[in-house]
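What follows is start.cif (mmCIF, C-alpha atoms).
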data_start
#
loop_
_atom_site.label_atom_id
_atom_site.label_comp_id
_atom_site.auth_asym_id
_atom_site.auth_seq_id
_atom_site.Cartn_x
_atom_site.Cartn_y
_atom_site.Cartn_z
CA VAL B 14 84.18 104.06 100.98
CA GLY B 15 85.89 100.86 99.74
CA SER B 16 88.49 102.62 97.61
CA GLU B 17 89.28 105.02 100.47
CA MET B 18 89.97 102.02 102.71
CA CYS B 19 92.20 100.48 100.03
CA ILE B 20 94.21 103.68 99.99
CA ARG B 21 94.46 103.66 103.78
CA ASP B 22 95.66 100.05 103.64
CA ARG B 23 98.25 100.97 101.02
CA TYR B 24 99.43 103.90 103.14
CA TYR B 25 99.94 101.63 106.15
CA TYR B 26 101.82 99.12 104.00
CA LEU B 27 104.10 101.78 102.53
CA LEU B 28 104.69 103.21 105.99
CA SER B 29 105.80 99.77 107.17
CA LEU B 30 108.18 99.49 104.22
CA LYS B 31 109.57 102.91 105.15
CA HIS B 32 110.15 101.86 108.76
CA LEU B 33 111.79 98.61 107.66
CA THR B 34 114.07 100.56 105.33
CA GLU B 35 115.00 103.12 107.96
CA SER B 36 115.87 100.36 110.42
CA ASP B 37 118.10 98.70 107.79
CA SER B 38 115.91 95.61 107.89
CA ILE B 39 115.32 95.79 104.13
CA ASP B 40 116.90 97.55 101.20
CA TRP B 41 113.96 99.23 99.45
CA GLN B 42 114.14 99.29 95.67
CA PRO B 43 111.21 100.12 93.35
CA GLN B 44 111.65 96.95 91.28
CA LYS B 45 111.55 94.60 94.30
CA THR B 46 108.50 92.56 95.15
CA ASN B 47 106.96 92.02 98.55
CA GLU B 48 108.36 88.49 98.41
CA ASP B 49 111.86 89.95 97.92
CA TYR B 50 111.47 91.99 101.09
CA LEU B 51 110.21 88.99 103.00
CA LYS B 52 113.36 87.07 102.03
CA GLU B 53 115.54 89.95 103.21
CA LEU B 54 114.15 90.02 106.72
CA SER B 55 116.45 88.17 109.07
CA LYS B 56 114.60 88.75 112.34
CA GLU B 57 111.93 86.10 112.61
CA HIS B 58 109.47 88.25 114.58
CA LEU B 59 109.61 90.95 111.90
CA LYS B 60 109.37 88.41 109.11
CA SER B 61 106.21 86.79 110.48
CA ARG B 62 104.56 90.18 111.08
CA PHE B 63 105.54 91.44 107.65
CA GLN B 64 104.14 88.29 106.09
CA LYS B 65 100.84 88.90 107.88
CA ILE B 66 100.52 92.52 106.73
CA THR B 67 101.48 91.50 103.20
CA ARG B 68 98.58 89.03 103.13
CA ILE B 69 96.22 91.75 104.37
CA TYR B 70 97.55 94.27 101.87
CA ASP B 71 97.29 91.85 98.94
CA TYR B 72 93.80 90.81 99.95
CA VAL B 73 92.49 94.39 100.24
CA TRP B 74 94.47 96.08 97.45
CA TYR B 75 94.40 93.39 94.76
CA GLY B 76 91.30 91.50 95.83
CA GLU B 77 89.19 94.65 95.78
CA PHE B 78 87.84 93.62 99.16
CA ASN B 79 85.39 96.14 100.59
CA VAL B 80 86.53 97.33 103.99
CA ASP B 81 84.36 99.50 106.20
CA ASP B 82 85.67 101.65 109.06
CA LEU B 83 85.10 98.93 111.66
CA LYS B 84 86.93 96.28 109.64
CA PHE B 85 89.74 98.69 108.87
CA GLU B 86 90.26 99.34 112.59
CA SER B 87 90.89 95.62 113.13
CA LEU B 88 93.03 95.28 109.97
CA LYS B 89 95.35 98.13 110.90
CA LYS B 90 96.41 96.51 114.18
CA PRO B 91 98.90 94.10 112.55
CA PHE B 92 100.49 97.06 110.72
CA GLU B 93 100.83 98.97 113.99
CA ASN B 94 102.23 95.86 115.70
CA LEU B 95 104.90 95.50 113.04
CA ASN B 96 105.82 99.17 113.17
CA ASN B 97 106.09 99.02 116.95
CA SER B 98 108.27 95.92 116.68
CA ILE B 99 110.58 97.70 114.26
CA SER B 100 110.93 100.64 116.64
CA ASN B 101 111.78 98.30 119.52
CA SER B 102 114.29 96.18 117.59
#

Rewrite the structure of this file - the entire thing - as structure tokens.
Amino acid sequence: VGSEMCIRDRYYYLLSLKHLTESDSIDWQPQKTNEDYLKELSKEHLKSRFQKITRIYDYVWYGEFNVDDLKFESLKKPFENLNNSISNS
């Protein structure tokens, strides 16, 4: 179950990067780091939300943190909030 949740988390993170790219908020490049993208964001509300999802992503993906369905439901909210913010910008 844990690895499935890590993959879900990664999907949500990549989806956010896609939305940021499509809105011209970032210039996605495979060699860039998450920190590079954070520096590119000029809108403060997007920057703070992206920083939050990056912390979650790093914690789950690299920290091998076990996430059950209930925890995942609460962790995905910041991703959805960012994506909604991008759509409304």

* **Å distance separating CA of Ile99 (chain B) from CA of Glu35 (chain B), one decimal place** =>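 Calculated distance between CA of Ile99 (chain B) and CA of Glu35 (chain B) is 9.4 Å.
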
* From the list B:Thr67, B:Ser87, B:Asn97, B:Ser55, which residue is nearest Asp37 (chain B) when using only C-alpha atoms? ->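 Result for the nearest residue to Asp37 (chain B): B:Ser55.
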
Might I get the box with edges along x, y and z of the file that holds all atoms of region 53-63 of chain B listed there, padded by 6 Å on every side, given as centre and edge lengths in Å to one decimal, as JSON?
{"center_x": 110.5, "center_y": 88.8, "center_z": 108.9, "size_x": 23.9, "size_y": 17.3, "size_z": 23.4}

* Which of these, B:Glu57, B:Leu33, B:Lys65, B:Ile39, has the shortest distance to Ser100 (chain B) once you count only C-alpha atoms? ->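 When distances to Ser100 (chain B) are compared using only C-alpha atoms, the smallest one comes from B:Leu33.
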
* To do: Excluding region 20-25 of chain B and any residue of its chain fewer than 2 positions from it, enumerate the residues within 12 Å of it, using only C-alpha atoms, and give them as an MDAnalysis selection string.
  => chainID B and resid 14:18 27:32 63 66:75 77:82 84:96

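Across the structure, CA of Leu83 (chain B) and CA of Leu51 (chain B) are spaced 28.4 Å apart.
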